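Asks: Got a structure here, written out as structure tokens. Questions coming.
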Amino acid sequence: YQEVKSSFKEEHLKSPIIRGFYYPLAVFISYICISIGISANAINLIGVAMFLIAGGAIFFASAPLHYIFAGILIIIGYTIDFCDGTIARYYKSKKNLKNKVTVIYGKWADEMSGLIGVAFIFTAGMFRTFLETTEIWVLFFGVMAIAGFMMMNFAAILSELIRMRFKIKNDADRMREKMSKGFFGLNPRIFSFGFEIQWSLIALGVMFNQFYVLFVIFGILANAMWIARYLIYWGK
């Protein structure tokens with residue numbers, strides 16, 4: 001069990017949300033999967049399945065419990081998102097990775113699972129809310145939220161590639177550190193709108209059937225995040 005804990009990505013533990021909530025769950029699930037021989041790629045597919053089932057539960061929801069069920073599945077799915085990397089690093093430490101292709105596919109699948117999950121959940125919530133309220137604005141805000149989420153992730157991956165290629169320091173990190181000092185030393189990740197914040201908000205929004213609120217939050221913050229990266233690189 002300790003070996004599995006040590007395989008968890010240390011960088012993630014900088015976040016109090018991950019360290020206090022998702023980390024213990026992810027280590028436990030990873031330990032179970034390793035014990036019964038489930039691979040990192042297989043657990044990734046299980047995570048995607050959780051998101052798809054949650055989306056189906058949202059669209060066909062007929063009672064508040066269905067939304068709560070979907071929210072729990074989202075939390076489990078996001079926790080599993082930490083497990084695939086933990087499991088892969090554990091097997092790597094045991095020299096049990098089959099080949100480099102497994103690693104490359106794992107990295108690609110890890111990025112795609114979150115994008116697929118949010119797109120499916122938001123689409124299900126958007127049409128479920130529209131069918132209940134017939135308000136056309138929910139479609140507008142839903143599309144804005146989905147587009148913003150996709151662009152935010154695309155910009156994050158692209159900026160990482162640019163920094164690696166041109167050996168540029170992360171200006172966004174420096175900005176968050178300055179903001180942290182100005183706000184009583186709060187953890188800088190709070191200002192990053194990180195994945196743990198995103199998924200926690202999504203799970204809570206789904207549980208309470210507050211898709212309008214979710215779409216407005218993601219429509220504003222997600223689009224602001226990728227536009228901010230555009231502005232950061234404007235002078236470079």
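In the structure tokens, chains take letters A, B, ... by order of appearance, with residues numbered from 1 within each chain and ligands from 1 in the order shown.
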Write out as a Markdown table a residue-level contact list of segment 49-117 of chain A versus segment 1-18 of chain A with cut-off 7 Å: for each qualifying residue the closest pair of atoms and the distance in Å to one decimal, counting only C-alpha atoms, rows sorted by chain and residue number upward.
Replies:
| residue | atom | partner | partner_atom | distance |
| --- | --- | --- | --- | --- |
| A:Thr86 | CA | A:Phe8 | CA | 4.9 |
| A:Arg89 | CA | A:Ser7 | CA | 5.6 |
| A:Tyr90 | CA | A:Ser7 | CA | 5.4 |
Asks: Find the spatial neighbours of Pro64 of chain A, counting only C-alpha atoms, within a cut-off of 8 Å - ignore same-chain residues fewer than 2 positions away - and output them as a list in words.
Replies: Ala61, Ser62, His66, Tyr67, Ile68, Met207, Phe208 and Asn209 of chain A
Asks: Measure the distance from atom CA of Val48 of chain A to atom CA of Leu201 of chain A in Å and round it to one decimal.
Replies: 18.3 Å
Asks: What is the distance between atom CA of Ala119 of chain A and atom CA of Met152 of chain A, in Å to one decimal?
Replies: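 Taking atom CA of Ala119 of chain A as the start and atom CA of Met152 of chain A as the end point, the length is 13.0 Å.
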Asks: From a backbone DSSP assignment, name each residue in segment 23-193 of chain A labelled alpha helix (DSSP H), as an MDAnalysis selection string.
Replies: chainID A and resid 23:36 40:59 64:93 100:133 137:166 171:182
Asks: From the set A:Phe149, A:Tyr230, A:Phe51, A:Phe127, which residue has the shortest atom-to-atom contact distance to Ser113 of chain A, counting only C-alpha atoms?
Replies: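 Using only C-alpha atoms, Ser113 of chain A sits closest to A:Phe51.
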Asks: Taking into account only C-alpha atoms, which residue in the set A:Leu65, A:Leu115, A:Ile58, A:Ile36 is nearest to Trp199 of chain A?
Replies: A:Leu115
Asks: Check the smallest atom-to-atom distance from each of A:Ala63, A:Leu161, A:Met151, A:Tyr212 to Glu135 of chain A using only C-alpha atoms, then report the winner.
Replies: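 When distances to Glu135 of chain A are compared using only C-alpha atoms, the smallest one comes from A:Tyr212.
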Asks: Tell me which protein, DNA and RNA residues are within 8 Å of Met50 of chain A, counting only C-alpha atoms, leaving out same-chain ones fewer than 2 positions away, and put them as a PyMOL selection string.
Replies: chain A and resi 46-48+52-54+73-74+76-77
